[in-house]
file target-v8.cif (mmCIF, C-alpha atoms)
data_input
#
loop_
_atom_site.label_atom_id
_atom_site.label_comp_id
_atom_site.auth_asym_id
_atom_site.auth_seq_id
_atom_site.Cartn_x
_atom_site.Cartn_y
_atom_site.Cartn_z
CA ARG S 1 127.27 96.10 107.41
CA PRO S 2 124.53 97.47 105.14
CA ILE S 3 124.31 101.26 105.27
CA TYR S 4 121.22 103.20 104.25
CA ARG S 5 122.50 106.05 102.13
CA GLY S 6 119.13 107.69 101.50
CA CYS S 7 117.66 108.54 98.11
CA PHE S 8 116.91 111.51 95.90
CA ILE S 9 113.31 112.75 95.83
CA ASP S 10 112.01 114.52 92.74
CA CYS S 11 109.32 116.84 94.14
CA LYS S 12 107.77 117.23 90.67
CA THR S 13 107.21 113.46 90.44
CA LEU S 14 105.95 113.22 94.02
CA ALA S 15 103.52 116.10 93.45
CA PHE S 16 102.22 114.35 90.32
CA ALA S 17 101.70 111.10 92.23
CA LEU S 18 99.68 112.93 94.89
CA THR S 19 97.58 115.15 92.60
CA ASN S 20 97.57 113.55 89.13
CA GLU S 21 98.61 116.99 87.87
CA SER S 22 101.91 118.12 86.36
CA HIS S 23 103.36 120.96 88.42
CA SER S 24 106.22 123.42 88.18
CA LEU S 25 107.89 124.47 91.41
CA ALA S 26 105.85 127.69 91.33
CA SER S 27 102.47 125.97 90.87
CA ALA S 28 103.27 123.20 93.36
CA LEU S 29 104.12 125.74 96.07
CA GLU S 30 100.69 127.34 95.57
CA LYS S 31 98.86 124.02 95.30
CA PHE S 32 100.24 122.82 98.63
CA ASP S 33 99.77 126.17 100.41
CA CYS S 34 103.47 126.78 101.06
CA SER S 35 104.51 130.14 102.51
CA MET S 36 107.44 130.41 100.09
CA ARG S 37 107.02 131.47 96.47
CA LYS S 38 109.41 130.92 93.61
CA SER S 39 111.48 133.99 92.73
CA GLU S 40 112.80 134.94 89.30
CA ALA S 41 116.27 135.91 88.11
CA LYS S 42 117.02 138.23 85.20
CA GLU S 43 120.09 136.24 84.19
CA HIS S 44 121.01 132.63 84.86
CA GLY S 45 124.59 131.52 85.41
CA VAL S 46 125.95 134.99 86.10
CA ILE S 47 127.25 135.14 89.68
CA SER S 48 125.61 138.10 91.38
CA GLU S 49 123.90 138.84 94.68
CA GLU S 50 120.52 138.61 92.94
CA TYR S 51 121.36 135.20 91.43
CA ILE S 52 122.69 133.83 94.73
CA ASN S 53 119.50 134.94 96.49
CA TYR S 54 117.45 133.33 93.71
CA ASN S 55 119.18 129.97 94.28
CA ILE S 56 118.85 130.21 98.06
CA ASN S 57 115.13 130.92 97.65
CA ASP S 58 114.72 127.91 95.34
CA THR S 59 116.47 125.64 97.83
CA ILE S 60 114.38 126.76 100.80
CA ALA S 61 111.17 126.66 98.72
CA THR S 62 111.92 123.12 97.50
CA HIS S 63 112.53 121.95 101.06
CA GLU S 64 109.25 123.49 102.27
CA LEU S 65 107.44 121.89 99.35
CA TYR S 66 108.90 118.48 100.24
CA ILE S 67 107.66 118.86 103.84
CA SER S 68 104.17 119.79 102.58
CA LEU S 69 104.15 116.87 100.13
CA MET S 70 105.06 114.46 102.90
CA GLU S 71 102.36 115.86 105.18
CA ARG S 72 99.85 115.13 102.41
CA TYR S 73 101.28 111.66 101.78
CA GLU S 74 101.00 110.76 105.47
CA LYS S 75 97.21 111.02 105.10
CA TYR S 76 97.27 107.95 102.84
CA GLY S 77 98.58 105.67 105.58
CA LEU S 78 100.87 103.78 103.19
CA LYS S 79 104.32 102.47 104.08
CA LYS S 80 105.71 102.70 100.56
CA LEU S 81 108.77 104.99 100.38
CA GLU S 82 108.12 108.33 98.71
CA SER S 83 110.99 107.55 96.32
CA LYS S 84 108.86 104.67 94.99
CA LEU S 85 105.91 106.88 94.05
CA PHE S 86 106.10 107.51 90.31
CA SER S 87 102.44 108.28 89.55
CA PRO S 88 98.97 107.90 91.11
CA ALA S 89 99.15 104.26 89.97
CA SER S 90 101.90 103.71 92.57
CA ILE S 91 99.43 104.79 95.24
CA GLY S 92 96.73 102.53 93.83
CA LYS S 93 99.10 99.56 94.00
CA GLY S 94 100.00 100.53 97.55
CA TYR S 95 96.41 100.11 98.67
CA LEU S 96 96.00 96.77 96.90
CA GLU S 97 99.18 95.58 98.61
CA LYS S 98 97.84 96.86 101.93
CA LEU S 99 94.60 94.91 101.39
CA GLY S 100 96.70 91.81 100.74
CA ILE S 101 95.57 91.19 97.14
CA LYS S 102 97.74 88.74 95.21
CA SER S 103 98.45 89.05 91.51
CA PHE S 104 96.39 87.32 88.83
CA SER S 105 99.48 85.72 87.29
CA LYS S 106 100.53 84.06 90.57
CA LEU S 107 97.08 82.75 91.42
CA ASN S 108 96.32 81.66 87.84
CA SER S 109 99.71 80.47 86.61
CA ASP S 110 98.08 77.62 84.68
CA PHE S 111 95.54 79.83 82.89
CA SER S 112 95.34 79.10 79.14
CA LYS S 113 97.81 81.33 77.29
CA GLU S 114 95.76 80.94 74.10
CA ILE S 115 92.62 82.33 75.76
CA LEU S 116 94.59 85.18 77.32
CA GLY S 117 95.85 85.91 73.81
CA TYR S 118 92.29 86.01 72.47
CA THR S 119 91.34 88.31 75.34
CA MET S 120 94.17 90.76 74.71
CA THR S 121 93.14 91.14 71.04
CA THR S 122 89.84 92.61 72.31
CA TYR S 123 91.65 95.48 74.08
CA PHE S 124 91.20 98.84 72.37
CA GLY S 125 91.28 101.42 75.20
CA GLY S 126 89.02 104.46 75.33
CA ARG S 127 87.06 105.69 72.32
CA THR S 128 87.92 109.14 70.96
CA GLU S 129 86.16 110.28 67.80
CA ALA S 130 85.12 113.48 66.02
CA MET S 131 81.80 113.02 64.23
CA ILE S 132 81.35 116.65 63.19
CA SER S 133 84.39 118.77 62.31
CA LYS S 134 85.07 122.19 60.74
CA THR S 135 81.41 123.12 61.26
CA PRO S 136 80.35 125.63 63.94
CA ILE S 137 77.55 124.01 65.91
CA PRO S 138 76.13 124.44 69.44
CA VAL S 139 76.95 121.57 71.79
CA SER S 140 76.69 120.63 75.44
CA TYR S 141 79.69 118.91 76.97
CA VAL S 142 78.49 116.09 79.24
CA ASP S 143 80.80 113.86 81.23
CA PHE S 144 80.03 110.41 82.67
CA THR S 145 80.66 110.39 86.42
CA ASN S 146 83.77 108.39 87.45
CA MET S 147 83.65 106.34 84.23
CA TYR S 148 86.14 103.56 84.99
CA PRO S 149 85.32 103.27 88.71
CA THR S 150 81.59 103.15 87.84
CA ILE S 151 82.09 100.49 85.15
CA PHE S 152 84.26 98.62 87.68
CA VAL S 153 81.32 98.56 90.13
CA LEU S 154 78.61 97.79 87.53
CA LEU S 155 80.57 94.82 86.15
CA GLU S 156 81.39 93.63 89.70
CA MET S 157 85.09 93.65 88.84
CA TYR S 158 86.02 93.57 92.52
CA LYS S 159 85.02 89.89 92.56
CA PHE S 160 87.64 89.28 89.86
CA LEU S 161 90.25 91.35 91.70
CA ILE S 162 89.93 89.40 94.96
CA ALA S 163 89.18 85.98 93.43
CA GLU S 164 91.36 83.02 94.31
CA LYS S 165 90.94 81.76 90.75
CA ILE S 166 89.37 82.94 87.51
CA THR S 167 87.82 80.26 85.33
CA TYR S 168 86.02 80.36 81.98
CA GLN S 169 83.06 78.69 80.29
CA TYR S 170 82.02 78.35 76.66
CA THR S 171 78.68 80.15 76.43
CA THR S 172 78.06 80.57 72.69
CA LYS S 173 74.32 79.81 72.63
CA LYS S 174 73.52 81.80 75.77
CA THR S 175 75.53 84.81 74.60
CA GLN S 176 73.90 84.81 71.15
CA GLU S 177 70.47 84.76 72.82
CA LEU S 178 71.50 87.75 74.93
CA LEU S 179 72.71 89.63 71.87
CA ASP S 180 69.57 88.76 69.90
CA THR S 181 67.20 90.09 72.56
CA ILE S 182 69.04 93.02 74.12
CA THR S 183 67.68 96.49 73.34
CA LEU S 184 68.59 100.09 74.10
CA ASP S 185 66.25 100.08 77.10
CA ASP S 186 68.20 97.22 78.70
CA ILE S 187 71.44 99.21 78.91
CA ASN S 188 70.24 101.44 81.75
CA LYS S 189 69.39 98.45 83.95
CA LYS S 190 72.09 97.49 86.44
CA GLU S 191 71.10 93.81 86.13
CA THR S 192 72.17 93.87 82.46
CA TRP S 193 75.76 94.69 83.41
CA LYS S 194 76.21 91.94 86.02
CA GLY S 195 78.10 88.99 84.58
CA LEU S 196 78.74 90.82 81.31
CA THR S 197 82.27 89.41 81.05
CA THR S 198 82.30 87.56 77.75
CA ILE S 199 84.51 87.66 74.66
CA CYS S 200 83.11 86.53 71.31
CA ARG S 201 84.56 85.35 68.01
CA ILE S 202 82.75 86.64 64.94
CA ILE S 203 83.26 87.09 61.22
CA PRO S 204 82.62 90.83 60.83
CA ASP S 205 79.88 91.61 58.30
CA ASP S 206 79.35 95.39 58.04
CA ASP S 207 79.38 95.68 61.84
CA ILE S 208 80.61 98.89 63.51
CA LEU S 209 83.62 97.84 65.58
CA PRO S 210 86.96 99.19 66.79
CA VAL S 211 89.67 98.25 64.29
CA ARG S 212 93.48 98.53 64.26
CA SER S 213 94.68 99.74 60.89
CA PRO S 214 97.35 101.96 59.28
CA TYR S 215 94.59 104.30 57.93
CA GLU S 216 96.15 107.35 56.18
CA ASN S 217 99.62 107.00 57.70
CA LYS S 218 100.89 103.71 56.35
CA ASN S 219 103.71 103.56 58.90
CA THR S 220 101.55 103.97 62.03
CA THR S 221 98.82 101.67 63.26
CA ASN S 222 95.88 103.44 64.89
CA ILE S 223 92.42 102.52 66.14
CA GLY S 224 89.17 103.70 64.60
CA THR S 225 85.52 102.71 65.02
CA ASN S 226 84.40 101.73 61.53
CA TYR S 227 82.14 99.51 59.50
CA LEU S 228 84.09 96.26 59.23
CA GLU S 229 83.64 93.38 56.81
CA SER S 230 85.73 90.22 56.51
CA LYS S 231 86.29 89.51 52.80
CA ASP S 232 88.04 86.16 53.29
CA GLY S 233 86.18 84.71 56.28
CA THR S 234 88.78 85.77 58.85
CA SER S 235 87.27 85.79 62.34
CA LEU S 236 88.12 88.24 65.14
CA TRP S 237 87.51 88.36 68.88
CA TYR S 238 85.52 91.18 70.50
CA THR S 239 83.98 91.80 73.90
CA ILE S 240 80.23 91.38 74.16
CA HIS S 241 80.07 95.13 74.94
CA ASP S 242 81.44 96.00 71.48
CA LEU S 243 78.96 93.66 69.81
CA ILE S 244 76.07 95.23 71.73
CA ALA S 245 77.35 98.68 70.74
CA SER S 246 77.48 97.59 67.09
CA LYS S 247 73.89 96.34 67.28
CA LEU S 248 72.74 99.67 68.74
CA LEU S 249 74.58 101.69 66.08
CA THR S 250 73.65 99.55 63.04
CA GLY S 251 70.40 97.86 64.03
CA LYS S 252 71.96 94.55 62.94
CA THR S 253 72.87 91.69 65.27
CA PRO S 254 76.37 90.15 64.84
CA LYS S 255 76.53 86.37 64.56
CA ILE S 256 78.69 84.72 67.22
CA LEU S 257 80.83 81.72 66.29
CA GLU S 258 82.24 81.16 69.78
CA ALA S 259 81.82 82.85 73.16
CA ILE S 260 83.87 82.53 76.35
CA THR S 261 82.59 83.89 79.67
CA PHE S 262 84.96 84.48 82.60
CA VAL S 263 83.89 83.61 86.13
CA PRO S 264 85.58 84.51 89.47
CA GLN S 265 85.99 81.63 91.94
CA GLY S 266 86.57 81.94 95.69
CA THR S 267 87.86 84.92 97.66
CA GLN S 268 91.36 85.78 98.87
CA ALA S 269 91.90 86.41 102.58
CA LEU S 270 92.10 90.20 102.85
CA GLN S 271 92.83 92.79 105.53
CA GLU S 272 90.58 95.56 106.79
CA ILE S 273 92.39 98.83 106.07
CA GLU S 274 92.07 102.52 106.84
CA VAL S 275 92.24 104.58 103.65
CA LEU S 276 92.04 108.01 105.26
CA LYS S 277 91.46 108.84 108.90
CA GLY S 278 87.95 107.61 109.76
CA ILE S 279 87.43 105.88 106.40
CA THR S 280 87.93 102.13 106.49
CA VAL S 281 87.34 99.36 103.97
CA LYS S 282 86.45 95.94 105.33
CA SER S 283 87.46 92.73 103.60
CA GLY S 284 83.92 92.10 102.29
CA GLU S 285 83.39 95.60 100.88
CA ASP S 286 83.95 96.66 97.28
CA PHE S 287 87.02 98.89 97.66
CA ILE S 288 86.24 101.11 94.66
CA LYS S 289 82.54 101.50 95.51
CA LYS S 290 83.34 102.45 99.11
CA ILE S 291 85.94 105.02 98.01
CA ILE S 292 83.55 106.70 95.55
CA GLU S 293 80.70 106.78 98.06
CA GLU S 294 82.93 108.38 100.68
CA ARG S 295 84.14 110.90 98.12
CA LEU S 296 80.56 111.84 97.17
CA ARG S 297 79.76 112.28 100.85
CA LEU S 298 82.77 114.55 101.41
CA LYS S 299 81.92 116.66 98.36
CA LYS S 300 78.76 117.82 100.13
CA SER S 301 80.87 119.53 102.81
CA ASN S 302 82.25 122.99 102.17
CA THR S 303 85.45 122.78 104.17
CA LYS S 304 88.98 122.95 102.82
CA GLN S 305 89.89 119.69 104.55
CA SER S 306 86.97 117.78 103.04
CA ASP S 307 87.83 119.16 99.59
CA THR S 308 91.43 117.93 100.00
CA ASN S 309 90.24 114.51 101.18
CA GLN S 310 87.69 114.07 98.40
CA ASN S 311 90.41 114.85 95.84
CA ILE S 312 92.63 112.24 97.48
CA LEU S 313 89.80 109.68 97.22
CA LYS S 314 89.24 110.60 93.57
CA ILE S 315 92.90 109.91 92.80
CA ILE S 316 92.81 106.60 94.68
CA ALA S 317 89.64 105.43 92.90
CA ASN S 318 90.87 106.33 89.41
CA ALA S 319 94.34 104.91 90.01
CA THR S 320 93.01 101.61 91.38
CA SER S 321 90.15 100.93 88.97
CA TYR S 322 91.87 100.59 85.61
CA GLY S 323 95.44 101.40 84.48
CA ILE S 324 97.41 99.05 86.72
CA PHE S 325 95.48 96.07 85.33
CA ILE S 326 96.89 96.57 81.84
CA GLN S 327 100.47 97.50 82.84
CA ILE S 328 103.21 95.80 80.85
CA ASP S 329 106.84 96.85 81.12
CA PRO S 330 109.27 96.65 78.17
CA LYS S 331 112.36 94.53 78.66
CA TYR S 332 115.35 94.77 76.34
CA LYS S 333 117.57 91.75 75.76
CA LYS S 334 118.81 90.48 72.44
CA ASN S 335 117.66 87.28 70.80
CA GLN S 336 114.97 86.26 73.27
CA PRO S 337 112.88 83.26 72.10
CA VAL S 338 109.19 83.97 72.79
CA THR S 339 105.80 82.49 71.95
CA ILE S 340 103.20 85.01 70.78
CA HIS S 341 99.54 84.36 71.66
CA GLY S 342 96.84 86.32 69.86
CA LEU S 343 94.48 85.36 67.06
CA ASP S 344 97.07 82.66 66.37
CA SER S 345 100.09 81.34 68.30
CA PHE S 346 103.60 81.37 66.85
CA ASP S 347 107.26 81.56 67.91
CA LEU S 348 109.63 84.49 67.37
CA THR S 349 113.05 85.74 68.45
CA LEU S 350 112.91 89.34 69.70
CA ASP S 351 115.17 91.97 71.26
CA LYS S 352 112.26 93.59 73.12
CA THR S 353 109.85 91.61 75.27
CA GLU S 354 107.25 92.57 77.88
CA ASP S 355 106.93 91.77 81.56
CA GLN S 356 103.56 91.84 83.28
CA GLY S 357 102.99 94.52 85.89
CA MET S 358 102.35 93.47 89.48
CA PHE S 359 98.55 93.64 89.11
CA PHE S 360 98.34 92.88 85.40
CA ASN S 361 94.93 91.33 84.73
CA PRO S 362 93.81 91.43 81.07
CA ILE S 363 90.41 89.94 81.91
CA MET S 364 89.58 92.98 84.01
CA SER S 365 91.19 95.65 81.85
CA VAL S 366 89.53 94.73 78.54
CA PHE S 367 86.02 94.84 80.02
CA LEU S 368 86.54 98.16 81.83
CA THR S 369 87.38 99.99 78.61
CA ALA S 370 84.80 98.03 76.60
CA GLY S 371 82.12 99.01 79.11
CA ALA S 372 83.07 102.67 78.67
CA ARG S 373 82.79 102.33 74.89
CA LEU S 374 79.32 100.82 75.31
CA VAL S 375 78.23 103.81 77.42
CA LEU S 376 79.35 106.20 74.67
CA ALA S 377 77.68 104.14 71.94
CA THR S 378 74.46 104.07 73.97
CA ALA S 379 74.50 107.85 74.42
CA GLU S 380 75.18 108.28 70.69
CA THR S 381 72.31 105.96 69.74
CA LEU S 382 69.92 107.61 72.19
CA VAL S 383 70.63 111.12 70.91
CA LYS S 384 70.58 110.27 67.20
CA SER S 385 67.39 108.20 67.47
CA ASN S 386 65.72 111.30 68.91
CA ASN S 387 66.79 113.60 66.04
CA GLY S 388 69.84 114.96 67.83
CA TYR S 389 73.53 114.94 66.97
CA VAL S 390 76.83 113.96 68.55
CA ALA S 391 79.82 116.08 67.55
CA TYR S 392 82.62 114.43 69.52
CA CYS S 393 83.35 111.83 72.19
CA ASP S 394 86.41 111.09 74.32
CA THR S 395 86.64 108.15 76.75
CA ASP S 396 84.03 109.33 79.25
CA SER S 397 82.42 112.38 77.67
CA VAL S 398 80.33 113.43 74.66
CA PHE S 399 79.52 116.72 72.94
CA ILE S 400 75.81 116.55 72.08
CA SER S 401 72.98 118.76 70.87
CA PRO S 402 71.96 120.92 73.87
CA ASP S 403 68.28 119.97 73.64
CA HIS S 404 69.14 116.32 74.36
CA VAL S 405 71.07 116.75 77.62
CA LYS S 406 68.09 115.97 79.87
CA LEU S 407 67.21 112.93 77.73
CA VAL S 408 70.71 111.48 78.29
CA GLN S 409 70.75 112.35 81.97
CA ASP S 410 67.33 110.79 82.62
CA PHE S 411 68.25 107.63 80.70
CA PHE S 412 71.45 106.90 82.62
CA LYS S 413 70.19 107.99 86.05
CA SER S 414 69.13 104.44 86.98
CA LEU S 415 72.68 103.13 86.43
CA ASN S 416 73.92 104.92 89.56
CA PRO S 417 75.46 102.09 91.66
CA TYR S 418 76.28 104.28 94.68
CA ASN S 419 74.41 105.04 97.90
CA GLN S 420 74.62 108.78 97.14
CA ASP S 421 72.40 110.63 94.67
CA VAL S 422 74.57 111.66 91.73
CA GLU S 423 73.97 112.66 88.10
CA MET S 424 75.57 109.98 85.94
CA PHE S 425 76.04 112.36 82.99
CA LYS S 426 76.86 115.82 84.30
CA VAL S 427 77.22 119.00 82.27
CA GLU S 428 80.84 120.19 82.37
CA LYS S 429 80.47 123.19 80.08
CA ASP S 430 77.48 124.51 78.17
CA LYS S 431 78.41 127.12 75.56
CA GLU S 432 77.30 127.97 72.07
#

call {"tool": "encode", "arguments": {"input": "target-v8.cif", "output": "structure tokens"}}
result
Amino acid sequence: RPIYRGCFIDCKTLAFALTNESHSLASALEKFDCSMRKSEAKEHGVISEEYINYNINDTIATHELYISLMERYEKYGLKKLESKLFSPASIGKGYLEKLGIKSFSKLNSDFSKEILGYTMTTYFGGRTEAMISKTPIPVSYVDFTNMYPTIFVLLEMYKFLIAEKITYQYTTKKTQELLDTITLDDINKKETWKGLTTICRIIPDDDILPVRSPYENKNTTNIGTNYLESKDGTSLWYTIHDLIASKLLTGKTPKILEAITFVPQGTQALQEIEVLKGITVKSGEDFIKKIIEERLRLKKSNTKQSDTNQNILKIIANATSYGIFIQIDPKYKKNQPVTIHGLDSFDLTLDKTEDQGMFFNPIMSVFLTAGARLVLATAETLVKSNNGYVAYCDTDSVFISPDHVKLVQDFFKSLNPYNQDVEMFKVEKDKE
């Protein structure tokens, strides 16, 4: 007869999954309002009354923390065992499972591996760059509100997440026309972002684009945003967002050789779920949009409970709007024959391969990060074209000349996709 023998729970890992913060026992006890506090011992390993009391205190404190963690986890309404929560992403997956969403790979098992390879070559993650260094200069630190969830909503990624199938069309002429005519003033229109799910093949010609290269360290490949020129006619694939960003930064329009636009088809049968008590998401609602709107509503309240709940919703939204769609897990087994799909396709024998995560969807993940890079490039262009400067940027934030904060805030205000009034670029810190 099968016997359930229980499992070990690492409270540090569970606390991280529930807060997206790394905690010690001492900080976790405070964070979760436990009555116990961690004690200290002068010497470790020396048997004494003080050391015995120290260990007893740690044991009781850890147990109280576990109870508090589980009380918090019960608010999520998920059935996943706490031993299976490794990070906030585990919670995000739990909600997608609860909705009944099936994986891209299962629903699109016949999708062209070559085109998926082209798509993955356009993935560069978030942009981090120092434009001004070793020079004291006043800046304002402005942060784009809920960057990945907001890009998720603007690009209507939920349609791709719940689609029965994802198809593609060759749209070279239409995409070139879009690139030829788009201007800075089009970026703050929500209509511009709808359907902006295209990858393009170009021969780089002094365009500013993200590039993988060894740079100074010849043994490590890194990513930089640089002027790029193809000396031998080699073509590369980029998202339309990166080509628009290049046009804004250089004033020159890239020439597209080939463009592929992805289109969601049909809708999976989904369940209505309760996210937190009193907050439900119906099958026809955009999960991420609803979560963010509820969070913005709760932030207006000044109660401890609403603050806890809005933080929970923040974690859910961030965990469910990006990372899980690019998850690949390493698998070690010697002499595995594999076919590589990228700019070209070829066969290799490897000892390390990769398995797709449960909700791996490269079509979604590449556009979410590319959209964020376009936002940063737009802010950079806007500030510099008005005689300002940008000192630094990182994924969802920029350090800009203080006099240009209102200009950036006013420009992006119309991109707010939520039913709550919110500043799209908010000042996090303003110091000279």

call {"tool": "resolve_selection", "arguments": {"input": "target-v8.cif", "expression": "the PyMOL selection byres ((chain S and resi 324) around 9)", "output": "VMD selection string"}}
result
chain S and resid 89 to 90 92 to 93 319 to 323 325 to 328 357 to 361 365

call {"tool": "write_last_selection", "arguments": {"input": "target-v8.cif", "atoms": "C-alpha atoms", "output": "short mmCIF file (atom, residue, chain, number, x, y, z; two decimals), in the frame of the given file"}}
result
data_model
loop_
_atom_site.label_atom_id
_atom_site.label_comp_id
_atom_site.auth_asym_id
_atom_site.auth_seq_id
_atom_site.Cartn_x
_atom_site.Cartn_y
_atom_site.Cartn_z
CA ALA S 89 99.15 104.26 89.97
CA SER S 90 101.90 103.71 92.57
CA GLY S 92 96.73 102.53 93.83
CA LYS S 93 99.10 99.56 94.00
CA ALA S 319 94.34 104.91 90.01
CA THR S 320 93.01 101.61 91.38
CA SER S 321 90.15 100.93 88.97
CA TYR S 322 91.87 100.59 85.61
CA GLY S 323 95.44 101.40 84.48
CA PHE S 325 95.48 96.07 85.33
CA ILE S 326 96.89 96.57 81.84
CA GLN S 327 100.47 97.50 82.84
CA ILE S 328 103.21 95.80 80.85
CA GLY S 357 102.99 94.52 85.89
CA MET S 358 102.35 93.47 89.48
CA PHE S 359 98.55 93.64 89.11
CA PHE S 360 98.34 92.88 85.40
CA ASN S 361 94.93 91.33 84.73
CA SER S 365 91.19 95.65 81.85
#

call {"tool": "resolve_selection", "arguments": {"input": "target-v8.cif", "expression": "the PyMOL selection byres ((chain S and resi 261) around 9)", "output": "list in words"}}
result
Thr167, Tyr168, Gln169, Tyr170, Thr171, Thr172, Thr175, Gly195, Leu196, Thr197, Thr198, Ile199, Cys200, Ala259, Ile260, Phe262 and Val263 of chain S

call {"tool": "resolve_selection", "arguments": {"input": "target-v8.cif", "expression": "the PyMOL selection byres ((chain S and resi 152-164) around 8)", "output": "PyMOL selection string"}}
result
chain S and resi 101-102+104+107+148-151+165-166+190+193-197+263-268+286-289+321+364+368+417

call {"tool": "atom_distance", "arguments": {"input": "target-v8.cif", "atom1": "atom CA of Lys113 of chain S", "atom2": "atom CA of Asp232 of chain S"}}
result
26.4 Å

call {"tool": "atom_distance", "arguments": {"input": "target-v8.cif", "atom1": "atom CA of Ile208 of chain S", "atom2": "atom CA of Thr253 of chain S"}}
result
10.7 Å

call {"tool": "decode", "arguments": {"input": "target-v8.cif", "residues": "segment 364-376 of chain S", "atoms": "C-alpha atoms", "output": "PDB file, in the first residue's frame"}}
result
ATOM      1  CA  MET S 364       5.032  35.492 -26.310  1.00  0.00           C
ATOM      2  CA  SER S 365       8.318  35.883 -24.458  1.00  0.00           C
ATOM      3  CA  VAL S 366      10.308  37.552 -27.253  1.00  0.00           C
ATOM      4  CA  PHE S 367       7.683  40.264 -27.789  1.00  0.00           C
ATOM      5  CA  LEU S 368       7.259  41.037 -24.077  1.00  0.00           C
ATOM      6  CA  THR S 369      10.935  41.904 -23.653  1.00  0.00           C
ATOM      7  CA  ALA S 370      11.139  43.581 -27.070  1.00  0.00           C
ATOM      8  CA  GLY S 371       8.182  45.786 -26.150  1.00  0.00           C
ATOM      9  CA  ALA S 372       9.990  46.846 -22.971  1.00  0.00           C
ATOM     10  CA  ARG S 373      13.100  47.736 -24.988  1.00  0.00           C
ATOM     11  CA  LEU S 374      10.949  49.860 -27.306  1.00  0.00           C
ATOM     12  CA  VAL S 375       9.544  51.768 -24.318  1.00  0.00           C
ATOM     13  CA  LEU S 376      13.083  52.570 -23.126  1.00  0.00           C
TER      14      LEU S 376
END
